[in-house]
>>> print(open('input_18.tsv').read())   # TSV, C-alpha atoms
chain	number	residue	atom	x	y	z
A	64	MET	CA	-22.68	-27.06	9.33
A	65	THR	CA	-23.88	-25.77	5.97
A	66	GLY	CA	-21.55	-24.80	3.16
A	67	ARG	CA	-22.58	-21.16	3.61
A	68	ALA	CA	-21.73	-21.29	7.31
A	69	ILE	CA	-18.35	-22.81	6.53
A	70	LEU	CA	-17.57	-20.04	4.05
A	71	ASP	CA	-18.80	-17.39	6.48
A	72	SER	CA	-16.16	-18.59	8.95
A	73	LEU	CA	-13.33	-17.82	6.51
A	74	ARG	CA	-11.56	-14.54	5.96
A	75	ARG	CA	-14.02	-12.55	3.90
A	76	ASP	CA	-11.45	-11.31	1.38
A	77	VAL	CA	-10.37	-14.91	0.70
A	78	ALA	CA	-13.85	-16.45	0.61
A	79	GLU	CA	-15.06	-13.74	-1.77
A	80	LEU	CA	-12.02	-13.84	-4.03
A	81	ALA	CA	-13.34	-14.00	-7.56
A	82	GLU	CA	-12.34	-16.78	-9.92
A	83	THR	CA	-10.40	-15.35	-12.87
A	84	GLY	CA	-12.21	-14.98	-16.16
A	85	ILE	CA	-9.68	-17.29	-17.80
A	86	VAL	CA	-10.64	-20.13	-15.45
A	87	GLN	CA	-14.36	-19.40	-15.89
A	88	VAL	CA	-13.99	-19.78	-19.65
A	89	ALA	CA	-11.76	-22.85	-19.35
A	90	GLN	CA	-14.26	-24.56	-17.09
A	91	HIS	CA	-16.91	-23.92	-19.74
A	92	GLY	CA	-14.98	-25.72	-22.45
A	93	TRP	CA	-12.38	-27.88	-20.74
A	94	ASP	CA	-13.70	-31.29	-21.85
A	95	LYS	CA	-15.18	-30.29	-25.20
A	96	PRO	CA	-14.02	-32.75	-27.89
A	97	GLY	CA	-11.78	-31.27	-30.57
A	98	LEU	CA	-11.47	-27.86	-28.91
A	99	VAL	CA	-8.48	-25.78	-30.08
A	100	PRO	CA	-6.92	-24.57	-26.79
A	101	LEU	CA	-5.37	-21.13	-27.32
A	102	TRP	CA	-6.40	-19.72	-23.93
A	103	PHE	CA	-3.43	-20.46	-21.64
A	104	GLY	CA	0.06	-18.98	-21.74
A	105	GLU	CA	1.97	-21.99	-22.95
A	106	GLY	CA	2.87	-23.76	-26.16
A	107	ASP	CA	2.21	-27.33	-27.20
A	108	GLN	CA	5.79	-28.62	-26.98
A	109	PRO	CA	6.95	-30.73	-24.01
A	110	THR	CA	10.02	-29.90	-21.93
A	111	PRO	CA	13.24	-30.86	-23.81
A	112	GLU	CA	14.66	-34.26	-23.00
A	113	PHE	CA	18.01	-33.03	-21.65
A	114	ILE	CA	16.22	-31.02	-18.96
A	115	CYS	CA	14.07	-34.00	-17.99
A	116	ASP	CA	17.16	-36.22	-17.94
A	117	ALA	CA	18.89	-33.91	-15.46
A	118	ALA	CA	15.97	-34.29	-13.05
A	119	ALA	CA	15.81	-38.06	-13.56
A	120	GLU	CA	19.54	-38.49	-12.97
A	121	ALA	CA	19.32	-36.45	-9.78
A	122	LEU	CA	16.49	-38.69	-8.59
A	123	ARG	CA	18.57	-41.78	-9.27
A	124	ARG	CA	21.41	-40.22	-7.26
A	125	GLY	CA	19.04	-39.89	-4.33
A	126	GLU	CA	18.75	-36.08	-4.36
A	127	THR	CA	15.40	-36.18	-2.62
A	128	PHE	CA	16.17	-34.44	0.68
A	129	TYR	CA	15.63	-30.94	2.03
A	130	THR	CA	17.91	-28.29	0.56
A	131	ASP	CA	18.86	-24.67	1.11
A	132	GLN	CA	15.61	-22.73	1.40
A	133	ARG	CA	16.66	-20.22	-1.26
A	134	GLY	CA	18.01	-22.81	-3.69
A	135	ILE	CA	21.16	-24.88	-3.87
A	136	LEU	CA	24.33	-22.89	-4.37
A	137	PRO	CA	25.15	-24.35	-7.84
A	138	LEU	CA	21.79	-23.13	-9.16
A	139	ARG	CA	22.11	-19.66	-7.64
A	140	GLU	CA	25.59	-19.46	-9.14
A	141	ALA	CA	24.20	-20.52	-12.52
A	142	LEU	CA	21.49	-17.86	-12.30
A	143	ALA	CA	24.08	-15.21	-11.39
A	144	ARG	CA	26.09	-16.20	-14.48
A	145	TYR	CA	22.92	-16.14	-16.58
A	146	THR	CA	22.13	-12.61	-15.38
A	147	GLN	CA	25.64	-11.47	-16.28
A	148	ARG	CA	25.63	-12.89	-19.80
A	149	THR	CA	22.02	-11.96	-20.56
A	150	PHE	CA	21.80	-8.44	-19.13
A	151	GLY	CA	25.43	-7.53	-18.49
A	152	VAL	CA	24.64	-7.11	-14.79
A	153	GLU	CA	26.67	-8.67	-12.00
A	154	VAL	CA	24.72	-10.10	-9.08
A	155	SER	CA	25.81	-12.22	-6.16
A	156	THR	CA	24.27	-15.46	-4.96
A	157	ASP	CA	22.90	-13.49	-1.99
A	158	GLU	CA	20.78	-11.53	-4.48
A	159	VAL	CA	19.17	-14.56	-6.12
A	160	SER	CA	16.50	-16.80	-4.56
A	161	LEU	CA	14.77	-19.81	-6.09
A	162	VAL	CA	11.07	-20.35	-5.43
A	163	THR	CA	8.31	-22.71	-6.53
A	164	ALA	CA	7.14	-20.79	-9.62
A	165	GLY	CA	6.96	-17.18	-10.65
A	166	MET	CA	3.54	-16.97	-8.99
A	167	SER	CA	5.10	-17.92	-5.66
A	168	ALA	CA	7.69	-15.22	-6.24
A	169	LEU	CA	4.98	-12.59	-6.64
A	170	TYR	CA	3.09	-13.84	-3.61
A	171	LEU	CA	6.26	-13.84	-1.53
A	172	ALA	CA	7.01	-10.27	-2.62
A	173	MET	CA	3.56	-9.20	-1.42
A	174	ASP	CA	4.12	-11.11	1.84
A	175	MET	CA	7.14	-8.90	2.45
A	176	LEU	CA	5.67	-5.59	1.35
A	177	ILE	CA	1.90	-5.26	1.58
A	178	GLU	CA	-0.05	-4.35	4.71
A	179	PRO	CA	-3.79	-3.64	4.83
A	180	ASP	CA	-4.78	-0.60	2.74
A	181	ASP	CA	-1.36	-0.33	1.07
A	182	GLU	CA	-1.62	0.47	-2.63
A	183	VAL	CA	0.07	-1.15	-5.60
A	184	VAL	CA	-0.01	0.70	-8.91
A	185	ALA	CA	-0.18	-1.96	-11.64
A	186	ILE	CA	0.41	-1.26	-15.31
A	187	GLY	CA	-2.29	-3.05	-17.28
A	188	PRO	CA	-3.89	-4.82	-18.97
A	189	VAL	CA	-1.89	-7.44	-17.10
A	190	TRP	CA	-1.94	-11.04	-15.95
A	191	PRO	CA	-4.84	-11.24	-13.46
A	192	ASN	CA	-3.17	-12.98	-10.53
A	193	ILE	CA	-1.37	-9.80	-9.55
A	194	TYR	CA	-4.70	-8.24	-8.54
A	195	SER	CA	-5.70	-11.20	-6.37
A	196	THR	CA	-2.26	-11.38	-4.78
A	197	VAL	CA	-2.48	-7.76	-3.64
A	198	GLU	CA	-6.08	-8.03	-2.51
A	199	VAL	CA	-5.58	-11.20	-0.45
A	200	HIS	CA	-2.96	-9.26	1.54
A	201	GLY	CA	-5.46	-6.49	2.22
A	202	GLY	CA	-3.96	-4.14	-0.34
A	203	VAL	CA	-5.57	-2.06	-3.06
A	204	VAL	CA	-4.67	-2.09	-6.76
A	205	LYS	CA	-4.65	1.17	-8.70
A	206	HIS	CA	-4.76	0.71	-12.46
A	207	ALA	CA	-2.38	2.49	-14.82
A	208	SER	CA	-3.45	1.48	-18.30
A	209	ILE	CA	-1.40	1.44	-21.44
A	210	ASP	CA	-3.26	2.64	-24.53
A	211	LEU	CA	-3.55	1.26	-28.05
A	212	VAL	CA	-2.62	4.27	-30.20
A	213	ASP	CA	-1.98	4.09	-33.95
A	214	GLY	CA	-1.37	0.36	-33.83
A	215	GLU	CA	1.03	0.48	-30.86
A	216	TRP	CA	0.71	0.04	-27.11
A	217	ARG	CA	1.96	3.13	-25.23
A	218	LEU	CA	2.43	4.08	-21.59
A	219	ASP	CA	1.84	7.60	-20.26
A	220	LEU	CA	4.45	7.88	-17.49
A	221	ASP	CA	3.03	11.12	-16.12
A	222	ARG	CA	-0.36	9.48	-15.71
A	223	LEU	CA	1.32	6.54	-13.99
A	224	PHE	CA	3.22	8.81	-11.59
A	225	ALA	CA	0.04	10.74	-10.76
A	226	LEU	CA	-1.54	7.54	-9.42
A	227	ALA	CA	1.17	7.06	-6.80
A	228	GLY	CA	-0.12	8.47	-3.51
A	229	GLU	CA	0.83	8.40	0.13
A	230	ARG	CA	-0.29	4.77	0.52
A	231	THR	CA	1.52	3.51	-2.56
A	232	LYS	CA	3.95	0.79	-1.51
A	233	ALA	CA	4.90	-0.60	-4.91
A	234	ILE	CA	4.58	-0.21	-8.66
A	235	PHE	CA	4.11	-3.45	-10.57
A	236	VAL	CA	5.46	-3.73	-14.12
A	237	ASN	CA	5.12	-6.76	-16.37
A	238	SER	CA	7.46	-6.18	-19.31
A	239	PRO	CA	7.39	-7.77	-21.81
A	240	GLY	CA	3.72	-7.83	-21.02
A	241	ASN	CA	1.03	-10.46	-20.86
A	242	PRO	CA	-1.44	-10.08	-22.61
A	243	THR	CA	-0.37	-7.24	-24.91
A	244	GLY	CA	3.27	-7.95	-25.76
A	245	TRP	CA	4.00	-4.33	-24.78
A	246	MET	CA	7.59	-3.74	-23.73
A	247	MET	CA	8.98	-0.95	-21.54
A	248	GLU	CA	12.08	0.61	-23.05
A	249	SER	CA	15.21	1.43	-21.05
A	250	ASP	CA	14.55	5.18	-20.88
A	251	GLU	CA	11.10	4.53	-19.43
A	252	GLN	CA	12.51	2.06	-16.93
A	253	ARG	CA	15.13	4.58	-15.87
A	254	ALA	CA	12.51	7.32	-15.40
A	255	LEU	CA	10.30	4.98	-13.37
A	256	MET	CA	13.21	3.83	-11.23
A	257	GLU	CA	14.22	7.42	-10.52
A	258	PHE	CA	10.65	8.30	-9.55
A	259	ALA	CA	10.33	5.27	-7.27
A	260	ARG	CA	13.72	5.94	-5.67
A	261	ALA	CA	12.78	9.53	-4.88
A	262	ARG	CA	9.47	8.45	-3.36
A	263	GLY	CA	10.70	5.37	-1.48
A	264	ILE	CA	8.41	3.10	-3.52
A	265	TRP	CA	9.26	-0.48	-4.43
A	266	VAL	CA	9.32	-1.61	-8.05
A	267	ILE	CA	8.24	-5.19	-8.67
A	268	ALA	CA	9.22	-6.17	-12.20
A	269	ASP	CA	7.79	-9.34	-13.74
A	270	GLU	CA	10.25	-10.15	-16.54
A	271	VAL	CA	9.33	-13.76	-17.29
A	272	TYR	CA	9.09	-13.07	-21.04
A	273	HIS	CA	12.47	-11.34	-21.29
A	274	GLN	CA	13.82	-13.88	-23.81
A	275	LEU	CA	10.75	-13.93	-26.05
A	276	VAL	CA	11.44	-10.76	-28.01
A	277	PHE	CA	11.23	-10.38	-31.79
A	278	ASP	CA	13.17	-7.21	-32.62
A	279	ARG	CA	16.27	-7.79	-30.45
A	280	ASP	CA	18.03	-10.48	-28.45
A	281	VAL	CA	16.53	-9.73	-25.05
A	282	ALA	CA	14.14	-7.26	-23.47
A	283	PRO	CA	15.45	-4.38	-21.32
A	284	SER	CA	15.62	-5.25	-17.64
A	285	PHE	CA	15.19	-3.03	-14.60
A	286	LEU	CA	18.41	-4.60	-13.34
A	287	GLN	CA	20.24	-2.58	-15.99
A	288	VAL	CA	19.00	0.78	-14.68
A	289	ALA	CA	18.96	0.14	-10.92
A	290	SER	CA	21.63	0.26	-8.26
A	291	ARG	CA	22.15	-2.64	-5.88
A	292	ASP	CA	20.47	-0.92	-2.95
A	293	ASP	CA	17.37	0.16	-4.87
A	294	ARG	CA	13.97	-1.09	-3.78
A	295	LEU	CA	13.67	-3.45	-6.73
A	296	ILE	CA	12.45	-7.06	-6.93
A	297	VAL	CA	12.67	-8.77	-10.31
A	298	VAL	CA	10.56	-11.88	-10.83
A	299	ASN	CA	11.54	-14.53	-13.35
A	300	SER	CA	10.48	-18.04	-14.29
A	301	PHE	CA	11.69	-21.11	-16.10
A	302	SER	CA	8.19	-21.69	-17.48
A	303	LYS	CA	8.17	-19.68	-20.67
A	304	SER	CA	11.72	-19.60	-22.06
A	305	TRP	CA	12.54	-23.27	-21.44
A	306	LEU	CA	9.12	-24.93	-21.98
A	307	MET	CA	8.77	-25.77	-18.29
A	308	THR	CA	5.32	-24.44	-17.35
A	309	GLY	CA	4.40	-27.59	-15.39
A	310	TRP	CA	7.64	-27.68	-13.39
A	311	ARG	CA	6.72	-24.65	-11.25
A	312	LEU	CA	10.14	-23.07	-10.92
A	313	GLY	CA	10.90	-19.37	-10.61
A	314	TRP	CA	13.43	-17.02	-9.09
A	315	LEU	CA	13.76	-13.59	-7.58
A	316	THR	CA	16.58	-11.11	-8.02
A	317	HIS	CA	16.53	-8.76	-5.05
A	318	PRO	CA	18.63	-6.67	-2.65
A	319	ALA	CA	20.91	-8.94	-0.62
A	320	ALA	CA	19.36	-7.60	2.59
A	321	LEU	CA	16.13	-9.45	1.72
A	322	ALA	CA	17.76	-12.90	1.61
A	323	PRO	CA	17.12	-13.88	5.27
A	324	THR	CA	13.49	-12.74	5.08
A	325	ILE	CA	12.91	-14.66	1.86
A	326	ALA	CA	14.46	-17.76	3.43
A	327	LYS	CA	12.08	-17.51	6.39
A	328	LEU	CA	9.03	-17.11	4.16
A	329	VAL	CA	10.08	-20.07	2.03
A	330	GLN	CA	10.53	-22.14	5.18
A	331	ILE	CA	6.97	-21.52	6.39
A	332	THR	CA	5.37	-22.10	2.97
A	333	THR	CA	7.11	-24.70	0.80
A	334	SER	CA	10.39	-25.36	2.68
A	335	GLY	CA	12.19	-24.99	-0.65
A	336	VAL	CA	12.23	-26.43	-4.16
A	337	PRO	CA	13.03	-30.17	-4.55
A	338	GLN	CA	16.70	-30.64	-5.35
A	339	PHE	CA	16.12	-32.87	-8.38
A	340	LEU	CA	14.04	-30.09	-9.96
A	341	GLN	CA	16.83	-27.65	-9.28
A	342	ARG	CA	19.23	-29.88	-11.24
A	343	ALA	CA	16.84	-29.63	-14.19
A	344	ALA	CA	16.84	-25.84	-13.78
A	345	ILE	CA	20.65	-25.78	-13.93
A	346	ALA	CA	20.56	-27.79	-17.16
A	347	ALA	CA	18.02	-25.37	-18.64
A	348	VAL	CA	19.84	-22.17	-17.76
A	349	GLU	CA	23.35	-23.47	-18.58
A	350	ASP	CA	22.66	-25.57	-21.69
A	351	GLY	CA	19.28	-24.36	-22.94
A	352	ASP	CA	20.06	-21.30	-25.05
A	353	HIS	CA	19.11	-23.25	-28.17
A	354	VAL	CA	15.71	-24.04	-26.66
A	355	THR	CA	14.98	-20.35	-26.21
A	356	ARG	CA	16.25	-19.49	-29.70
A	357	ASP	CA	14.07	-22.17	-31.28
A	358	LEU	CA	11.03	-21.11	-29.26
A	359	ARG	CA	11.53	-17.47	-30.20
A	360	ALA	CA	11.74	-18.39	-33.90
A	361	ARG	CA	8.67	-20.60	-33.60
A	362	CYS	CA	6.69	-17.86	-31.86
A	363	LYS	CA	7.67	-15.31	-34.50
A	364	VAL	CA	6.30	-17.62	-37.18
A	365	GLY	CA	3.15	-18.05	-35.11
A	366	ARG	CA	2.84	-14.32	-34.50
A	367	ASP	CA	3.10	-13.46	-38.18
A	368	LEU	CA	0.73	-16.25	-39.21
A	369	VAL	CA	-1.88	-15.10	-36.69
A	370	PHE	CA	-1.57	-11.38	-37.31
A	371	ASP	CA	-1.58	-11.70	-41.09
A	372	ARG	CA	-5.06	-13.18	-40.63
A	373	LEU	CA	-6.36	-11.04	-37.77
A	374	GLU	CA	-5.25	-7.77	-39.37
A	375	SER	CA	-7.48	-8.55	-42.35
A	376	TRP	CA	-10.57	-8.89	-40.16
A	377	PRO	CA	-12.11	-5.40	-40.05
A	378	LYS	CA	-14.06	-5.78	-36.79
A	379	LEU	CA	-10.82	-6.16	-34.80
A	380	ARG	CA	-8.37	-3.58	-33.37
A	381	LEU	CA	-4.92	-4.82	-32.45
A	382	ALA	CA	-1.18	-4.20	-32.42
A	383	ARG	CA	1.42	-6.69	-33.61
A	384	PRO	CA	3.44	-7.36	-30.43
A	385	LYS	CA	7.17	-6.87	-30.02
A	386	ALA	CA	7.45	-9.67	-27.46
A	387	ALA	CA	5.75	-12.52	-25.57
A	388	PHE	CA	3.40	-14.85	-27.46
A	389	TYR	CA	-0.08	-13.36	-27.38
A	390	ALA	CA	-2.49	-11.65	-29.72
A	391	PHE	CA	-4.63	-9.23	-27.71
A	392	PHE	CA	-7.36	-7.74	-29.84
A	393	ALA	CA	-10.50	-5.66	-29.38
A	394	VAL	CA	-13.72	-6.84	-31.01
A	395	ASP	CA	-16.12	-4.16	-32.21
A	396	GLY	CA	-19.35	-4.21	-30.24
A	397	MET	CA	-18.22	-6.75	-27.62
A	398	THR	CA	-18.98	-5.63	-24.06
A	399	ASP	CA	-18.78	-8.90	-22.10
A	400	SER	CA	-15.61	-10.77	-22.99
A	401	VAL	CA	-16.27	-13.71	-20.65
A	402	ALA	CA	-19.67	-14.37	-22.22
A	403	TYR	CA	-18.25	-13.86	-25.71
A	404	ALA	CA	-15.35	-16.25	-25.08
A	405	LYS	CA	-17.84	-18.88	-23.92
A	406	ARG	CA	-19.86	-18.28	-27.06
A	407	ILE	CA	-16.73	-18.80	-29.15
A	408	ILE	CA	-16.26	-22.17	-27.47
A	409	ASP	CA	-19.86	-23.12	-28.23
A	410	GLU	CA	-19.88	-21.92	-31.84
A	411	ALA	CA	-16.24	-22.20	-33.02
A	412	ASN	CA	-14.77	-24.75	-30.57
A	413	VAL	CA	-11.76	-22.51	-29.87
A	414	GLY	CA	-10.57	-21.53	-26.40
A	415	LEU	CA	-9.55	-17.86	-25.97
A	416	ALA	CA	-8.95	-15.86	-22.80
A	417	PRO	CA	-11.38	-13.01	-22.02
A	418	GLY	CA	-9.85	-9.56	-21.89
A	419	SER	CA	-11.69	-8.56	-18.72
A	420	ALA	CA	-9.54	-11.06	-16.81
A	421	PHE	CA	-6.59	-8.69	-17.33
A	422	GLY	CA	-8.12	-5.73	-15.53
A	423	PRO	CA	-10.59	-2.95	-16.35
A	424	ALA	CA	-8.70	-1.86	-19.46
A	425	GLY	CA	-9.00	-5.36	-20.91
A	426	GLU	CA	-12.77	-5.50	-21.32
A	427	GLY	CA	-13.74	-5.65	-24.97
A	428	TYR	CA	-10.62	-7.65	-25.83
A	429	LEU	CA	-9.73	-11.31	-26.27
A	430	ARG	CA	-6.34	-13.01	-25.92
A	431	LEU	CA	-5.01	-15.74	-28.19
A	432	CYS	CA	-1.75	-17.56	-27.43
A	433	PHE	CA	0.25	-18.14	-30.62
A	434	ALA	CA	2.96	-20.35	-29.07
A	435	ALA	CA	1.43	-23.36	-30.83
A	436	SER	CA	2.14	-25.28	-34.01
A	437	GLU	CA	1.25	-23.74	-37.36
A	438	ALA	CA	-1.32	-26.48	-37.93
A	439	THR	CA	-3.03	-25.77	-34.61
A	440	LEU	CA	-3.07	-22.03	-35.23
A	441	GLN	CA	-4.45	-22.44	-38.74
A	442	ARG	CA	-7.18	-24.71	-37.45
A	443	GLY	CA	-8.08	-22.20	-34.75
A	444	LEU	CA	-8.13	-19.23	-37.12
A	445	ASP	CA	-10.24	-21.08	-39.69
A	446	ALA	CA	-12.76	-21.84	-36.96
A	447	LEU	CA	-12.76	-18.25	-35.65
A	448	GLU	CA	-13.18	-16.52	-39.00
A	449	PRO	CA	-16.96	-17.00	-39.34
A	450	MET	CA	-17.42	-15.19	-36.00
A	451	LEU	CA	-14.57	-12.66	-35.91
A	452	GLY	CA	-13.66	-12.25	-39.56
A	453	VAL	CA	-16.96	-10.88	-40.81
A	454	GLY	CA	-16.18	-8.92	-43.96
A	455	ALA	CA	-12.64	-10.31	-44.22
A	456	ASP	CA	-13.31	-12.13	-47.50
A	457	GLN	CA	-14.66	-8.97	-49.06
A	458	ARG	CA	-11.59	-7.00	-47.95
A	459	ARG	CA	-9.15	-9.58	-49.33
A	460	SER	CA	-10.94	-9.69	-52.68
A	461	ALA	CA	-11.16	-5.92	-53.02
>>> encode(input="input_18.tsv", output="structure tokens")
Amino acid sequence: MTGRAILDSLRRDVAELAETGIVQVAQHGWDKPGLVPLWFGEGDQPTPEFICDAAAEALRRGETFYTDQRGILPLREALARYTQRTFGVEVSTDEVSLVTAGMSALYLAMDMLIEPDDEVVAIGPVWPNIYSTVEVHGGVVKHASIDLVDGEWRLDLDRLFALAGERTKAIFVNSPGNPTGWMMESDEQRALMEFARARGIWVIADEVYHQLVFDRDVAPSFLQVASRDDRLIVVNSFSKSWLMTGWRLGWLTHPAALAPTIAKLVQITTSGVPQFLQRAAIAAVEDGDHVTRDLRARCKVGRDLVFDRLESWPKLRLARPKAAFYAFFAVDGMTDSVAYAKRIIDEANVGLAPGSAFGPAGEGYLRLCFAASEATLQRGLDALEPMLGVGADQRRSA
């Protein structure tokens, strides 16, 4: 059987699923010697030792067996306490479920909600996997774009609401946002929640960057404006705040009525998260506040270092973000961000993510992750300046 025949035997929507632009660019430059990798959403620091030790100690104790499908009770209790102290919201252990990564949480949410031809309104530009996750379930994504206005990303709520039609099953919000660093304020969350409640629409809130905020302690959460019986699923992850991207641990906060369904879906996919990893998660959420504080401070230094340079390059349009750890900037005259990002690899040896990967509103933009060391960021910016900083020297000397 030929490769084409094999692919023709698959579900068409799966076989034809496009590779994300980020992966296309990474494949172009993955093994290039000396490349400065600023394309993925992670820093260059390893997971703290005390978190690793908690997993290792659990392994030595023999915690290698099957566990509760939604997470061991001590971890769900720790996450309930974390929610209380972080957002001032009380949740029960029946409203918290652990999963293998934030991506699994999103996929599981779509498993529960999306039937063929259902619509999800997604606020973008946004992390690309949300589009694929909807489409592989037979759903349709409708794009509600934020706009870069006067150096700030803004959302038009009326335009968002107008996109919600009879087939709209959910509205997806990533706040703080990847790639823009845009953040939805509490009054906007309240208005969106009221709209969704009146229309019987689910809100899926990706809040994985809630701790990485520069003008306050924590980002607003939909949990703070919702009631316990609202159609709200909040997705979170250990990846960003505790330097655990490779551990693949996430959690959902959800109505208690969903707990049995989530347990069944976990059972037929992963059968649950390994217990020794859950012990590491407890250590992170109970004893890792200093990790998050240090990361936030480090990212603020990185943000200011990067934007002090980028803002002096006249061919760029951008907004200094309030949260997350990305610079998302438009390049004058660029119409194919994937091709341009590959060219940057070839000519500057720097890896950036193409804006088109983040939806239609992202074309013409590039994303740079500034959660790296100052030395790495300086090296990357110095290499980028001949391509992106045309005219910058003249502006600085004027």
>>> residues_around(input="input_18.tsv", residues="A:Asp399", least_positions_apart="4", cutoff="7 Å", atoms="all atoms listed in the file", output="list of chain:residue names")
A:Tyr403, A:Glu426, A:Gly427
>>> closest_residue(input="input_18.tsv", among="A:Asn192, A:Ser167, A:Gln108, A:Gln132", to="A:Phe421", atoms="only C-alpha atoms")
A:Asn192
>>> closest_residue(input="input_18.tsv", among="A:Ala282, A:Val276, A:Ala233, A:Val183", to="A:Lys205", atoms="all atoms listed in the file")
A:Val183
>>> closest_residue(input="input_18.tsv", among="A:Val77, A:Val413, A:Leu447, A:Val154", to="A:Gly97", atoms="all atoms listed in the file")
A:Val413
>>> closest_residue(input="input_18.tsv", among="A:Leu379, A:Ile234, A:Ala390, A:Leu451", to="A:Cys362", atoms="only C-alpha atoms")
A:Ala390
>>> residues_around(input="input_18.tsv", residues="stretch 242-247 of chain A", least_positions_apart="2", cutoff="7 Å", atoms="all atoms listed in the file", output="PyMOL selection string")
chain A and resi 188-190+216+238-240+249+251-252+384-387+389-391+430
>>> write_last_selection(input="input_18.tsv", atoms="C-alpha atoms", output="mmCIF file, in the coordinates of the input")
data_model
loop_
_atom_site.group_PDB
_atom_site.id
_atom_site.type_symbol
_atom_site.label_atom_id
_atom_site.label_comp_id
_atom_site.auth_asym_id
_atom_site.auth_seq_id
_atom_site.Cartn_x
_atom_site.Cartn_y
_atom_site.Cartn_z
ATOM 1 C CA PRO A 188 -3.890 -4.820 -18.970
ATOM 2 C CA VAL A 189 -1.890 -7.440 -17.100
ATOM 3 C CA TRP A 190 -1.940 -11.040 -15.950
ATOM 4 C CA TRP A 216 0.710 0.040 -27.110
ATOM 5 C CA SER A 238 7.460 -6.180 -19.310
ATOM 6 C CA PRO A 239 7.390 -7.770 -21.810
ATOM 7 C CA GLY A 240 3.720 -7.830 -21.020
ATOM 8 C CA SER A 249 15.210 1.430 -21.050
ATOM 9 C CA GLU A 251 11.100 4.530 -19.430
ATOM 10 C CA GLN A 252 12.510 2.060 -16.930
ATOM 11 C CA PRO A 384 3.440 -7.360 -30.430
ATOM 12 C CA LYS A 385 7.170 -6.870 -30.020
ATOM 13 C CA ALA A 386 7.450 -9.670 -27.460
ATOM 14 C CA ALA A 387 5.750 -12.520 -25.570
ATOM 15 C CA TYR A 389 -0.080 -13.360 -27.380
ATOM 16 C CA ALA A 390 -2.490 -11.650 -29.720
ATOM 17 C CA PHE A 391 -4.630 -9.230 -27.710
ATOM 18 C CA ARG A 430 -6.340 -13.010 -25.920
#
>>> build_atoms(input="input_18.tsv", residues="stretch 399-412 of chain A", atoms="N, CA and C atoms", output="mmCIF file, keeping the file's coordinate frame")
data_model
loop_
_atom_site.group_PDB
_atom_site.id
_atom_site.type_symbol
_atom_site.label_atom_id
_atom_site.label_comp_id
_atom_site.auth_asym_id
_atom_site.auth_seq_id
_atom_site.Cartn_x
_atom_site.Cartn_y
_atom_site.Cartn_z
ATOM 1 N N ASP A 399 -18.938 -7.888 -23.140
ATOM 2 C CA ASP A 399 -18.780 -8.900 -22.100
ATOM 3 C C ASP A 399 -17.865 -9.985 -22.644
ATOM 4 N N SER A 400 -16.575 -9.862 -22.360
ATOM 5 C CA SER A 400 -15.610 -10.770 -22.990
ATOM 6 C C SER A 400 -15.697 -12.187 -22.445
ATOM 7 N N VAL A 401 -16.111 -12.359 -21.191
ATOM 8 C CA VAL A 401 -16.270 -13.710 -20.650
ATOM 9 C C VAL A 401 -17.396 -14.430 -21.394
ATOM 10 N N ALA A 402 -18.549 -13.763 -21.512
ATOM 11 C CA ALA A 402 -19.670 -14.370 -22.220
ATOM 12 C C ALA A 402 -19.320 -14.624 -23.689
ATOM 13 N N TYR A 403 -18.600 -13.703 -24.300
ATOM 14 C CA TYR A 403 -18.250 -13.860 -25.710
ATOM 15 C C TYR A 403 -17.255 -15.007 -25.896
ATOM 16 N N ALA A 404 -16.303 -15.150 -24.985
ATOM 17 C CA ALA A 404 -15.350 -16.250 -25.080
ATOM 18 C C ALA A 404 -16.051 -17.602 -24.915
ATOM 19 N N LYS A 405 -17.057 -17.650 -24.048
ATOM 20 C CA LYS A 405 -17.840 -18.880 -23.920
ATOM 21 C C LYS A 405 -18.616 -19.162 -25.203
ATOM 22 N N ARG A 406 -19.130 -18.109 -25.799
ATOM 23 C CA ARG A 406 -19.860 -18.280 -27.060
ATOM 24 C C ARG A 406 -18.943 -18.787 -28.161
ATOM 25 N N ILE A 407 -17.700 -18.312 -28.169
ATOM 26 C CA ILE A 407 -16.730 -18.800 -29.150
ATOM 27 C C ILE A 407 -16.484 -20.285 -28.971
ATOM 28 N N ILE A 408 -16.412 -20.733 -27.731
ATOM 29 C CA ILE A 408 -16.260 -22.170 -27.470
ATOM 30 C C ILE A 408 -17.454 -22.930 -28.051
ATOM 31 N N ASP A 409 -18.655 -22.426 -27.794
ATOM 32 C CA ASP A 409 -19.860 -23.120 -28.230
ATOM 33 C C ASP A 409 -19.997 -23.144 -29.756
ATOM 34 N N GLU A 410 -19.617 -22.039 -30.406
ATOM 35 C CA GLU A 410 -19.880 -21.920 -31.840
ATOM 36 C C GLU A 410 -18.665 -22.239 -32.711
ATOM 37 N N ALA A 411 -17.446 -21.990 -32.201
ATOM 38 C CA ALA A 411 -16.240 -22.200 -33.020
ATOM 39 C C ALA A 411 -15.334 -23.291 -32.460
ATOM 40 N N ASN A 412 -15.579 -23.712 -31.223
ATOM 41 C CA ASN A 412 -14.770 -24.750 -30.570
ATOM 42 C C ASN A 412 -13.299 -24.331 -30.435
#
